[in-house]
$ cat start.txt   # compact mmCIF, N, CA and C atoms and all ligand atoms
# COMPACT_ATOMS: atom_id res chain seq x y z
N MET A 1 -8.40 -13.08 6.55
CA MET A 1 -9.21 -12.60 5.44
C MET A 1 -8.90 -13.43 4.19
N GLN A 2 -9.93 -13.91 3.58
CA GLN A 2 -9.70 -14.76 2.43
C GLN A 2 -9.55 -13.95 1.15
N ARG A 3 -8.64 -14.38 0.33
CA ARG A 3 -8.46 -13.68 -0.95
C ARG A 3 -9.55 -14.12 -1.90
N GLN A 4 -9.94 -13.20 -2.77
CA GLN A 4 -11.04 -13.52 -3.67
C GLN A 4 -10.54 -13.85 -5.07
N ARG A 5 -9.23 -13.97 -5.19
CA ARG A 5 -8.72 -14.28 -6.51
C ARG A 5 -7.50 -15.15 -6.33
N PRO A 6 -7.10 -15.83 -7.37
CA PRO A 6 -5.94 -16.70 -7.23
C PRO A 6 -4.68 -15.88 -6.99
N ARG A 7 -3.71 -16.48 -6.36
CA ARG A 7 -2.42 -15.80 -6.19
C ARG A 7 -1.71 -15.72 -7.53
N ASP A 8 -0.76 -14.81 -7.59
CA ASP A 8 0.12 -14.73 -8.75
C ASP A 8 -0.64 -14.54 -10.06
N THR A 9 -1.52 -13.58 -10.09
CA THR A 9 -2.18 -13.25 -11.35
C THR A 9 -1.14 -12.63 -12.28
N ARG A 10 -1.46 -12.57 -13.55
CA ARG A 10 -0.53 -11.98 -14.51
C ARG A 10 -0.19 -10.55 -14.11
N ALA A 11 -1.20 -9.81 -13.67
CA ALA A 11 -0.96 -8.42 -13.26
C ALA A 11 0.05 -8.36 -12.11
N GLU A 12 -0.08 -9.28 -11.15
CA GLU A 12 0.86 -9.28 -10.03
C GLU A 12 2.27 -9.58 -10.51
N LEU A 13 2.39 -10.51 -11.45
CA LEU A 13 3.72 -10.86 -11.95
C LEU A 13 4.35 -9.69 -12.70
N VAL A 14 3.54 -8.97 -13.48
CA VAL A 14 4.06 -7.81 -14.20
C VAL A 14 4.53 -6.75 -13.21
N VAL A 15 3.72 -6.49 -12.18
CA VAL A 15 4.09 -5.47 -11.19
C VAL A 15 5.39 -5.86 -10.49
N ARG A 16 5.52 -7.12 -10.13
CA ARG A 16 6.76 -7.56 -9.47
C ARG A 16 7.96 -7.37 -10.38
N SER A 17 7.81 -7.71 -11.65
CA SER A 17 8.97 -7.58 -12.53
C SER A 17 9.33 -6.11 -12.74
N LEU A 18 8.31 -5.24 -12.78
CA LEU A 18 8.60 -3.80 -12.89
C LEU A 18 9.32 -3.30 -11.65
N LEU A 19 8.87 -3.75 -10.48
CA LEU A 19 9.50 -3.31 -9.23
C LEU A 19 10.97 -3.75 -9.20
N HIS A 20 11.22 -4.97 -9.65
CA HIS A 20 12.61 -5.45 -9.72
C HIS A 20 13.43 -4.54 -10.63
N ARG A 21 12.84 -4.26 -11.81
CA ARG A 21 13.54 -3.44 -12.79
C ARG A 21 13.86 -2.05 -12.22
N LEU A 22 12.96 -1.56 -11.37
CA LEU A 22 13.14 -0.22 -10.78
C LEU A 22 14.05 -0.26 -9.55
N GLY A 23 14.51 -1.44 -9.21
CA GLY A 23 15.39 -1.57 -8.06
C GLY A 23 14.70 -1.46 -6.72
N ARG A 24 13.39 -1.66 -6.70
CA ARG A 24 12.65 -1.62 -5.43
C ARG A 24 12.59 -3.04 -4.88
N ARG A 25 13.06 -3.19 -3.65
CA ARG A 25 13.05 -4.52 -3.05
C ARG A 25 11.79 -4.68 -2.22
N PHE A 26 11.28 -5.89 -2.19
CA PHE A 26 9.99 -6.09 -1.54
C PHE A 26 9.79 -7.55 -1.16
N ARG A 27 8.79 -7.74 -0.33
CA ARG A 27 8.32 -9.11 -0.02
C ARG A 27 6.93 -9.28 -0.59
N VAL A 28 6.59 -10.50 -0.93
CA VAL A 28 5.25 -10.76 -1.46
C VAL A 28 4.32 -11.39 -0.42
N VAL A 29 4.90 -11.89 0.68
CA VAL A 29 4.04 -12.43 1.74
C VAL A 29 4.00 -11.38 2.85
N ASN A 30 2.83 -10.78 3.03
CA ASN A 30 2.71 -9.65 3.95
C ASN A 30 1.47 -9.77 4.82
N ARG A 31 1.26 -10.98 5.33
CA ARG A 31 0.03 -11.21 6.09
C ARG A 31 -0.02 -10.43 7.39
N ASP A 32 1.13 -9.96 7.85
CA ASP A 32 1.16 -9.20 9.09
C ASP A 32 0.76 -7.74 8.86
N LEU A 33 0.67 -7.30 7.62
CA LEU A 33 0.28 -5.92 7.34
C LEU A 33 -1.21 -5.86 6.98
N PRO A 34 -1.86 -4.72 7.30
CA PRO A 34 -3.30 -4.61 6.97
C PRO A 34 -3.55 -4.91 5.49
N GLY A 35 -4.52 -5.79 5.23
CA GLY A 35 -4.92 -6.09 3.86
C GLY A 35 -3.98 -7.00 3.08
N SER A 36 -2.91 -7.48 3.73
CA SER A 36 -1.93 -8.34 3.04
C SER A 36 -1.53 -7.79 1.67
N PRO A 37 -0.78 -6.70 1.64
CA PRO A 37 -0.39 -6.11 0.35
C PRO A 37 0.33 -7.13 -0.55
N ASP A 38 0.24 -6.91 -1.86
CA ASP A 38 0.85 -7.83 -2.82
C ASP A 38 2.36 -7.66 -2.90
N ALA A 39 2.84 -6.50 -2.50
CA ALA A 39 4.28 -6.26 -2.40
C ALA A 39 4.46 -5.18 -1.35
N ALA A 40 5.47 -5.32 -0.50
CA ALA A 40 5.69 -4.31 0.53
C ALA A 40 7.14 -4.31 0.98
N ASN A 41 7.58 -3.15 1.41
CA ASN A 41 8.89 -3.00 2.00
C ASN A 41 8.71 -2.30 3.35
N ARG A 42 8.96 -3.05 4.42
CA ARG A 42 8.71 -2.51 5.77
C ARG A 42 9.68 -1.40 6.14
N ARG A 43 10.94 -1.56 5.79
CA ARG A 43 11.94 -0.58 6.19
C ARG A 43 11.66 0.77 5.51
N HIS A 44 11.33 0.70 4.24
CA HIS A 44 11.07 1.94 3.50
C HIS A 44 9.60 2.33 3.51
N ARG A 45 8.82 1.48 4.16
CA ARG A 45 7.40 1.77 4.40
C ARG A 45 6.61 2.11 3.14
N TRP A 46 6.52 1.14 2.26
CA TRP A 46 5.59 1.28 1.15
C TRP A 46 4.92 -0.06 0.90
N ALA A 47 3.73 0.01 0.32
CA ALA A 47 2.95 -1.20 0.05
C ALA A 47 2.21 -1.02 -1.27
N VAL A 48 2.19 -2.10 -2.04
CA VAL A 48 1.50 -2.06 -3.32
C VAL A 48 0.39 -3.11 -3.31
N PHE A 49 -0.78 -2.67 -3.74
CA PHE A 49 -1.89 -3.60 -3.96
C PHE A 49 -2.16 -3.70 -5.45
N VAL A 50 -2.33 -4.91 -5.93
CA VAL A 50 -2.72 -5.10 -7.32
C VAL A 50 -4.18 -5.54 -7.28
N HIS A 51 -5.04 -4.65 -7.75
CA HIS A 51 -6.46 -4.91 -7.63
C HIS A 51 -7.08 -5.36 -8.95
N GLY A 52 -7.87 -6.41 -8.87
CA GLY A 52 -8.66 -6.83 -10.02
C GLY A 52 -9.76 -5.80 -10.24
N CYS A 53 -9.94 -5.38 -11.50
CA CYS A 53 -10.90 -4.32 -11.81
C CYS A 53 -12.33 -4.73 -11.49
N TYR A 54 -12.59 -6.01 -11.58
CA TYR A 54 -13.95 -6.51 -11.33
C TYR A 54 -14.23 -6.58 -9.82
N TRP A 55 -13.42 -7.29 -9.08
CA TRP A 55 -13.69 -7.48 -7.65
C TRP A 55 -13.59 -6.19 -6.86
N HIS A 56 -12.72 -5.32 -7.30
CA HIS A 56 -12.55 -4.07 -6.55
C HIS A 56 -13.23 -2.90 -7.24
N GLN A 57 -13.96 -3.20 -8.32
CA GLN A 57 -14.78 -2.21 -9.03
C GLN A 57 -14.01 -0.93 -9.33
N HIS A 58 -13.05 -1.08 -10.22
CA HIS A 58 -12.25 0.06 -10.69
C HIS A 58 -13.18 1.13 -11.27
N PRO A 59 -13.19 2.34 -10.67
CA PRO A 59 -14.13 3.37 -11.14
C PRO A 59 -13.93 3.70 -12.63
N GLY A 60 -15.00 3.66 -13.37
CA GLY A 60 -14.95 4.04 -14.78
C GLY A 60 -14.35 2.99 -15.71
N CYS A 61 -13.99 1.83 -15.18
CA CYS A 61 -13.34 0.81 -16.00
C CYS A 61 -14.37 -0.13 -16.63
N PRO A 62 -14.20 -0.45 -17.92
CA PRO A 62 -15.17 -1.34 -18.57
C PRO A 62 -15.21 -2.74 -17.94
N ARG A 63 -14.17 -3.13 -17.22
CA ARG A 63 -14.17 -4.46 -16.57
C ARG A 63 -14.98 -4.48 -15.28
N ALA A 64 -15.33 -3.29 -14.79
CA ALA A 64 -16.03 -3.22 -13.50
C ALA A 64 -17.54 -3.35 -13.71
N THR A 65 -17.94 -4.46 -14.22
CA THR A 65 -19.37 -4.69 -14.48
C THR A 65 -20.03 -5.28 -13.23
N VAL A 66 -21.35 -5.14 -13.16
CA VAL A 66 -22.10 -5.75 -12.06
C VAL A 66 -23.07 -6.76 -12.69
N PRO A 67 -23.03 -8.00 -12.23
CA PRO A 67 -23.93 -9.01 -12.81
C PRO A 67 -25.38 -8.56 -12.71
N ARG A 68 -26.15 -8.83 -13.74
CA ARG A 68 -27.54 -8.39 -13.73
C ARG A 68 -28.38 -9.23 -12.76
N ARG A 69 -28.07 -10.50 -12.70
CA ARG A 69 -28.78 -11.35 -11.74
C ARG A 69 -28.27 -11.07 -10.33
N ASN A 70 -29.17 -11.08 -9.38
CA ASN A 70 -28.81 -10.84 -7.97
C ASN A 70 -28.03 -9.54 -7.80
N ARG A 71 -28.49 -8.54 -8.50
CA ARG A 71 -27.75 -7.28 -8.54
C ARG A 71 -27.52 -6.67 -7.14
N ASP A 72 -28.56 -6.73 -6.29
CA ASP A 72 -28.41 -6.16 -4.95
C ASP A 72 -27.31 -6.85 -4.17
N PHE A 73 -27.29 -8.17 -4.30
CA PHE A 73 -26.26 -8.95 -3.61
C PHE A 73 -24.86 -8.51 -4.06
N TRP A 74 -24.69 -8.43 -5.37
CA TRP A 74 -23.36 -8.08 -5.89
C TRP A 74 -22.98 -6.65 -5.55
N GLU A 75 -23.95 -5.75 -5.62
CA GLU A 75 -23.61 -4.37 -5.28
C GLU A 75 -23.17 -4.25 -3.83
N ALA A 76 -23.86 -4.98 -2.94
CA ALA A 76 -23.48 -4.94 -1.53
C ALA A 76 -22.09 -5.55 -1.34
N LYS A 77 -21.84 -6.62 -2.05
CA LYS A 77 -20.55 -7.29 -1.93
C LYS A 77 -19.42 -6.38 -2.43
N PHE A 78 -19.63 -5.76 -3.57
CA PHE A 78 -18.61 -4.88 -4.12
C PHE A 78 -18.39 -3.66 -3.23
N ARG A 79 -19.51 -3.16 -2.66
CA ARG A 79 -19.38 -2.02 -1.77
C ARG A 79 -18.52 -2.40 -0.56
N ALA A 80 -18.76 -3.59 -0.03
CA ALA A 80 -17.97 -4.05 1.11
C ALA A 80 -16.49 -4.17 0.73
N ASN A 81 -16.22 -4.64 -0.45
CA ASN A 81 -14.82 -4.73 -0.91
C ASN A 81 -14.18 -3.35 -0.96
N ARG A 82 -14.90 -2.41 -1.54
CA ARG A 82 -14.34 -1.06 -1.66
C ARG A 82 -14.10 -0.43 -0.29
N GLU A 83 -15.07 -0.64 0.61
CA GLU A 83 -14.92 -0.08 1.95
C GLU A 83 -13.72 -0.70 2.67
N ARG A 84 -13.54 -1.99 2.47
CA ARG A 84 -12.39 -2.64 3.09
C ARG A 84 -11.09 -2.08 2.51
N ASP A 85 -11.06 -1.89 1.19
CA ASP A 85 -9.86 -1.31 0.57
C ASP A 85 -9.52 0.05 1.18
N GLU A 86 -10.57 0.86 1.36
CA GLU A 86 -10.33 2.20 1.93
C GLU A 86 -9.82 2.12 3.36
N ARG A 87 -10.42 1.21 4.14
CA ARG A 87 -10.03 1.05 5.54
C ARG A 87 -8.57 0.61 5.63
N VAL A 88 -8.22 -0.37 4.82
CA VAL A 88 -6.87 -0.91 4.82
C VAL A 88 -5.86 0.18 4.44
N GLU A 89 -6.21 0.94 3.42
CA GLU A 89 -5.30 2.00 2.98
C GLU A 89 -5.11 3.03 4.09
N ALA A 90 -6.21 3.37 4.77
CA ALA A 90 -6.12 4.35 5.86
C ALA A 90 -5.24 3.80 6.99
N GLN A 91 -5.38 2.52 7.31
CA GLN A 91 -4.58 1.92 8.38
C GLN A 91 -3.09 1.99 8.04
N LEU A 92 -2.78 1.70 6.79
CA LEU A 92 -1.37 1.72 6.38
C LEU A 92 -0.83 3.15 6.36
N THR A 93 -1.64 4.05 5.82
CA THR A 93 -1.21 5.45 5.73
C THR A 93 -0.94 6.02 7.12
N GLU A 94 -1.80 5.65 8.07
CA GLU A 94 -1.65 6.15 9.44
C GLU A 94 -0.34 5.69 10.07
N THR A 95 0.18 4.56 9.63
CA THR A 95 1.44 4.08 10.20
C THR A 95 2.62 4.46 9.30
N GLY A 96 2.40 5.43 8.43
CA GLY A 96 3.50 5.99 7.66
C GLY A 96 3.81 5.29 6.34
N TYR A 97 2.94 4.44 5.91
CA TYR A 97 3.19 3.74 4.64
C TYR A 97 2.71 4.56 3.44
N ALA A 98 3.49 4.54 2.38
CA ALA A 98 3.02 5.01 1.08
C ALA A 98 2.28 3.83 0.45
N VAL A 99 1.04 4.05 0.07
CA VAL A 99 0.23 2.96 -0.48
C VAL A 99 -0.03 3.23 -1.96
N VAL A 100 0.30 2.26 -2.79
CA VAL A 100 0.08 2.39 -4.23
C VAL A 100 -0.88 1.29 -4.66
N THR A 101 -1.96 1.70 -5.29
CA THR A 101 -2.91 0.73 -5.83
C THR A 101 -2.74 0.65 -7.33
N VAL A 102 -2.46 -0.55 -7.80
CA VAL A 102 -2.32 -0.77 -9.24
C VAL A 102 -3.55 -1.54 -9.70
N TRP A 103 -4.20 -1.03 -10.73
CA TRP A 103 -5.35 -1.74 -11.28
C TRP A 103 -4.89 -2.71 -12.36
N GLU A 104 -5.56 -3.84 -12.36
CA GLU A 104 -5.27 -4.92 -13.30
C GLU A 104 -5.13 -4.41 -14.75
N CYS A 105 -6.02 -3.52 -15.16
CA CYS A 105 -6.01 -3.05 -16.55
C CYS A 105 -4.80 -2.17 -16.85
N GLU A 106 -4.16 -1.65 -15.80
CA GLU A 106 -3.02 -0.75 -16.02
C GLU A 106 -1.80 -1.47 -16.57
N VAL A 107 -1.71 -2.78 -16.38
CA VAL A 107 -0.51 -3.48 -16.82
C VAL A 107 -0.45 -3.59 -18.34
N ALA A 108 -1.52 -3.21 -19.02
CA ALA A 108 -1.51 -3.22 -20.48
C ALA A 108 -0.49 -2.20 -21.00
N ASP A 109 -0.24 -1.15 -20.23
CA ASP A 109 0.77 -0.16 -20.61
C ASP A 109 1.89 -0.19 -19.58
N GLU A 110 2.83 -1.09 -19.79
CA GLU A 110 3.87 -1.31 -18.78
C GLU A 110 4.76 -0.09 -18.57
N GLU A 111 5.02 0.63 -19.64
CA GLU A 111 5.90 1.79 -19.50
C GLU A 111 5.27 2.87 -18.63
N ALA A 112 3.99 3.13 -18.87
CA ALA A 112 3.28 4.13 -18.07
C ALA A 112 3.21 3.69 -16.60
N LEU A 113 2.98 2.41 -16.42
CA LEU A 113 2.90 1.89 -15.05
C LEU A 113 4.26 1.98 -14.35
N ALA A 114 5.32 1.64 -15.07
CA ALA A 114 6.67 1.72 -14.49
C ALA A 114 6.96 3.16 -14.05
N GLU A 115 6.55 4.10 -14.88
CA GLU A 115 6.76 5.51 -14.58
C GLU A 115 6.02 5.90 -13.29
N ARG A 116 4.78 5.45 -13.18
CA ARG A 116 3.99 5.76 -12.00
C ARG A 116 4.61 5.14 -10.74
N LEU A 117 5.01 3.88 -10.85
CA LEU A 117 5.60 3.22 -9.69
C LEU A 117 6.88 3.94 -9.26
N ARG A 118 7.66 4.36 -10.26
CA ARG A 118 8.91 5.04 -9.95
C ARG A 118 8.66 6.33 -9.17
N HIS A 119 7.58 7.01 -9.55
CA HIS A 119 7.27 8.26 -8.83
C HIS A 119 6.63 8.04 -7.47
N GLU A 120 5.79 7.03 -7.38
CA GLU A 120 4.99 6.89 -6.17
C GLU A 120 5.63 6.05 -5.08
N ILE A 121 6.64 5.27 -5.44
CA ILE A 121 7.29 4.47 -4.43
C ILE A 121 8.59 5.14 -4.02
N PRO A 122 8.64 5.54 -2.75
CA PRO A 122 9.83 6.26 -2.29
C PRO A 122 11.06 5.37 -2.34
N ARG A 123 12.15 5.93 -2.74
CA ARG A 123 13.39 5.17 -2.79
C ARG A 123 14.38 5.83 -1.85
N ARG A 124 14.78 5.08 -0.86
CA ARG A 124 15.78 5.62 0.06
C ARG A 124 16.98 4.72 0.03
N LEU A 125 18.10 5.28 -0.34
CA LEU A 125 19.32 4.46 -0.46
C LEU A 125 20.19 4.60 0.77
ZN ZN B 201 -9.59 -1.27 -14.70
$ encode --input "start.txt" --output "structure tokens"
Amino acid sequence: MQRQRPRDTRAELVVRSLLHRLGRRFRVVNRDLPGSPDAANRRHRWAVFVHGCYWHQHPGCPRATVPRRNRDFWEAKFRANRERDERVEAQLTETGYAVVTVWECEVADEEALAERLRHEIPRRL
């Protein structure tokens, strides 16, 4: 599956640094897992996706615009992206993974995001 955005976006880098700060260990290359999560820990079974608000159409987000030209094409494309996201999340959840989706716009408030990650990512020592 081809990625639709460049690797190592600013949002991904922020999420990684927060995960480090929270003491969560992870890998960034996860091609063997459904959807190739942006960070994952197999032993503790959690996966994080960092989603661009535009490509993944963050509900209610001002960045989730649809181009006016070729609107049908884009709507179909975005719908396919969302459906794939849901499928991937279901596949991971079924195998016992905690799945956390971080939206690109969320990194604007790093403290709030750190708090969410701390709660949603299980920590087993
Ligand atoms: Zn957003």
$ atom_distance --input "start.txt" --atom1 "atom N of Ala47 (chain A)" --atom2 "atom N of Val100 (chain A)"
5.1 Å
$ closest_residue --input "start.txt" --among "A:Asp72, A:Glu94, A:Asp8, A:Glu104" --to "ligand ZN 201 (chain B)" --atoms "only N, CA and C atoms and all ligand atoms"
A:Glu104
$ residues_near_ligand --input "start.txt" --ligand "ligand ZN 201 (chain B)" --cutoff "7 Å" --atoms "only N, CA and C atoms and all ligand atoms" --output "list in words"
Gly52, Cys53, Tyr54, Gln57, His58, Pro59, Gly60, Cys61, Pro62, Arg63, Ala64, Trp103, Glu104, Cys105 and Glu106 of chain A
$ select_by_dssp --input "start.txt" --residues "region 24-82 of chain A" --states "helix (DSSP H, G or I)" --output "list in words"
Arg71, Asp72, Phe73, Trp74, Glu75, Ala76, Lys77, Phe78, Arg79, Ala80, Asn81 and Arg82 of chain A
$ residues_around --input "start.txt" --residues "Val28 (chain A)" --least-positions-apart "2" --cutoff "7 Å" --atoms "all atoms listed in the file" --output "compact mmCIF listing (two decimals) with N, CA and C atoms, keeping the file's coordinate frame"
# COMPACT_ATOMS: atom_id res chain seq x y z
N PHE A 26 11.28 -5.89 -2.19
CA PHE A 26 9.99 -6.09 -1.54
C PHE A 26 9.79 -7.55 -1.16
N ASN A 30 2.83 -10.78 3.03
CA ASN A 30 2.71 -9.65 3.95
C ASN A 30 1.47 -9.77 4.82
N ARG A 31 1.26 -10.98 5.33
CA ARG A 31 0.03 -11.21 6.09
C ARG A 31 -0.02 -10.43 7.39
N PRO A 37 -0.78 -6.70 1.64
CA PRO A 37 -0.39 -6.11 0.35
C PRO A 37 0.33 -7.13 -0.55
N ASP A 38 0.24 -6.91 -1.86
CA ASP A 38 0.85 -7.83 -2.82
C ASP A 38 2.36 -7.66 -2.90
N ALA A 39 2.84 -6.50 -2.50
CA ALA A 39 4.28 -6.26 -2.40
C ALA A 39 4.46 -5.18 -1.35
N ALA A 40 5.47 -5.32 -0.50
CA ALA A 40 5.69 -4.31 0.53
C ALA A 40 7.14 -4.31 0.98
$ atom_distance --input "start.txt" --atom1 "atom C of Ala98 (chain A)" --atom2 "atom C of Glu120 (chain A)"
6.8 Å
$ atom_distance --input "start.txt" --atom1 "atom C of Gly23 (chain A)" --atom2 "atom C of Thr95 (chain A)"
20.9 Å
$ closest_residue --input "start.txt" --among "A:Val15, A:Leu22, A:Val48, A:Ile121" --to "Val88 (chain A)" --atoms "only C-alpha atoms"
A:Val48
$ residues_around --input "start.txt" --residues "Trp74 (chain A)" --least-positions-apart "3" --cutoff "12 Å" --atoms "only C-alpha atoms" --output "ChimeraX atom specification"
/A:54-57,64-71,77-81
$ closest_residue --input "start.txt" --among "A:His51, A:Arg87, A:Arg82, A:Arg43" --to "Arg10 (chain A)" --atoms "only C-alpha atoms"
A:His51
$ select_by_dssp --input "start.txt" --residues "region 28-83 of chain A" --states "strand (DSSP E or B)" --output "PyMOL selection string"
chain A and resi 39-41+46-51
$ write_last_selection --input "start.txt" --atoms "N, CA and C atoms" --output "compact mmCIF listing (two decimals), in the coordinates of the input"
# COMPACT_ATOMS: atom_id res chain seq x y z
N ALA A 39 2.84 -6.50 -2.50
CA ALA A 39 4.28 -6.26 -2.40
C ALA A 39 4.46 -5.18 -1.35
N ALA A 40 5.47 -5.32 -0.50
CA ALA A 40 5.69 -4.31 0.53
C ALA A 40 7.14 -4.31 0.98
N ASN A 41 7.58 -3.15 1.41
CA ASN A 41 8.89 -3.00 2.00
C ASN A 41 8.71 -2.30 3.35
N TRP A 46 6.52 1.14 2.26
CA TRP A 46 5.59 1.28 1.15
C TRP A 46 4.92 -0.06 0.90
N ALA A 47 3.73 0.01 0.32
CA ALA A 47 2.95 -1.20 0.05
C ALA A 47 2.21 -1.02 -1.27
N VAL A 48 2.19 -2.10 -2.04
CA VAL A 48 1.50 -2.06 -3.32
C VAL A 48 0.39 -3.11 -3.31
N PHE A 49 -0.78 -2.67 -3.74
CA PHE A 49 -1.89 -3.60 -3.96
C PHE A 49 -2.16 -3.70 -5.45
N VAL A 50 -2.33 -4.91 -5.93
CA VAL A 50 -2.72 -5.10 -7.32
C VAL A 50 -4.18 -5.54 -7.28
N HIS A 51 -5.04 -4.65 -7.75
CA HIS A 51 -6.46 -4.91 -7.63
C HIS A 51 -7.08 -5.36 -8.95
$ closest_residue --input "start.txt" --among "A:Arg16, A:Arg27, A:Arg123, A:Arg84" --to "Arg42 (chain A)" --atoms "only C-alpha atoms"
A:Arg27
$ build_atoms --input "start.txt" --residues "region 87-95 of chain A" --atoms "all heavy atoms" --output "mmCIF file, keeping the file's coordinate frame"
data_model
loop_
_atom_site.group_PDB
_atom_site.id
_atom_site.type_symbol
_atom_site.label_atom_id
_atom_site.label_comp_id
_atom_site.auth_asym_id
_atom_site.auth_seq_id
_atom_site.Cartn_x
_atom_site.Cartn_y
_atom_site.Cartn_z
ATOM 1 N N ARG A 87 -10.420 1.210 4.140
ATOM 2 C CA ARG A 87 -10.030 1.050 5.540
ATOM 3 C C ARG A 87 -8.570 0.610 5.630
ATOM 4 O O ARG A 87 -7.789 1.145 6.406
ATOM 5 C CB ARG A 87 -10.938 -0.013 6.165
ATOM 6 C CG ARG A 87 -11.197 0.185 7.627
ATOM 7 C CD ARG A 87 -12.450 -0.583 8.075
ATOM 8 N NE ARG A 87 -12.516 -1.960 7.620
ATOM 9 C CZ ARG A 87 -13.540 -2.466 6.938
ATOM 10 N NH1 ARG A 87 -14.571 -1.731 6.627
ATOM 11 N NH2 ARG A 87 -13.540 -3.732 6.565
ATOM 12 N N VAL A 88 -8.220 -0.370 4.820
ATOM 13 C CA VAL A 88 -6.870 -0.910 4.820
ATOM 14 C C VAL A 88 -5.860 0.180 4.440
ATOM 15 O O VAL A 88 -4.823 0.337 5.073
ATOM 16 C CB VAL A 88 -6.798 -2.106 3.835
ATOM 17 C CG1 VAL A 88 -5.378 -2.382 3.399
ATOM 18 C CG2 VAL A 88 -7.435 -3.335 4.459
ATOM 19 N N GLU A 89 -6.210 0.940 3.420
ATOM 20 C CA GLU A 89 -5.300 2.000 2.980
ATOM 21 C C GLU A 89 -5.110 3.030 4.090
ATOM 22 O O GLU A 89 -3.987 3.477 4.339
ATOM 23 C CB GLU A 89 -5.839 2.671 1.701
ATOM 24 C CG GLU A 89 -4.918 3.777 1.243
ATOM 25 C CD GLU A 89 -5.155 4.231 -0.193
ATOM 26 O OE1 GLU A 89 -5.896 3.533 -0.926
ATOM 27 O OE2 GLU A 89 -4.606 5.274 -0.564
ATOM 28 N N ALA A 90 -6.210 3.370 4.770
ATOM 29 C CA ALA A 90 -6.120 4.350 5.860
ATOM 30 C C ALA A 90 -5.240 3.800 6.990
ATOM 31 O O ALA A 90 -4.409 4.531 7.544
ATOM 32 C CB ALA A 90 -7.513 4.690 6.388
ATOM 33 N N GLN A 91 -5.380 2.520 7.310
ATOM 34 C CA GLN A 91 -4.580 1.920 8.380
ATOM 35 C C GLN A 91 -3.090 1.990 8.040
ATOM 36 O O GLN A 91 -2.259 2.319 8.889
ATOM 37 C CB GLN A 91 -4.970 0.452 8.595
ATOM 38 C CG GLN A 91 -6.281 0.279 9.350
ATOM 39 C CD GLN A 91 -6.748 -1.182 9.348
ATOM 40 O OE1 GLN A 91 -6.252 -2.000 8.578
ATOM 41 N NE2 GLN A 91 -7.704 -1.497 10.194
ATOM 42 N N LEU A 92 -2.780 1.700 6.790
ATOM 43 C CA LEU A 92 -1.370 1.720 6.380
ATOM 44 C C LEU A 92 -0.830 3.150 6.360
ATOM 45 O O LEU A 92 0.280 3.419 6.831
ATOM 46 C CB LEU A 92 -1.212 1.081 5.005
ATOM 47 C CG LEU A 92 -1.268 -0.453 4.989
ATOM 48 C CD1 LEU A 92 -1.515 -0.969 3.590
ATOM 49 C CD2 LEU A 92 0.006 -1.054 5.555
ATOM 50 N N THR A 93 -1.640 4.050 5.820
ATOM 51 C CA THR A 93 -1.210 5.450 5.730
ATOM 52 C C THR A 93 -0.940 6.020 7.120
ATOM 53 O O THR A 93 0.038 6.733 7.340
ATOM 54 C CB THR A 93 -2.287 6.279 4.998
ATOM 55 O OG1 THR A 93 -2.530 5.672 3.726
ATOM 56 C CG2 THR A 93 -1.817 7.689 4.751
ATOM 57 N N GLU A 94 -1.800 5.650 8.070
ATOM 58 C CA GLU A 94 -1.650 6.150 9.440
ATOM 59 C C GLU A 94 -0.340 5.690 10.070
ATOM 60 O O GLU A 94 0.186 6.346 10.976
ATOM 61 C CB GLU A 94 -2.819 5.681 10.328
ATOM 62 C CG GLU A 94 -4.057 6.544 10.173
ATOM 63 C CD GLU A 94 -5.321 5.826 10.631
ATOM 64 O OE1 GLU A 94 -5.219 4.823 11.381
ATOM 65 O OE2 GLU A 94 -6.416 6.253 10.221
ATOM 66 N N THR A 95 0.180 4.560 9.630
ATOM 67 C CA THR A 95 1.440 4.080 10.200
ATOM 68 C C THR A 95 2.620 4.460 9.300
ATOM 69 O O THR A 95 3.683 3.859 9.379
ATOM 70 C CB THR A 95 1.407 2.553 10.446
ATOM 71 O OG1 THR A 95 1.035 1.897 9.226
ATOM 72 C CG2 THR A 95 0.425 2.192 11.526
#
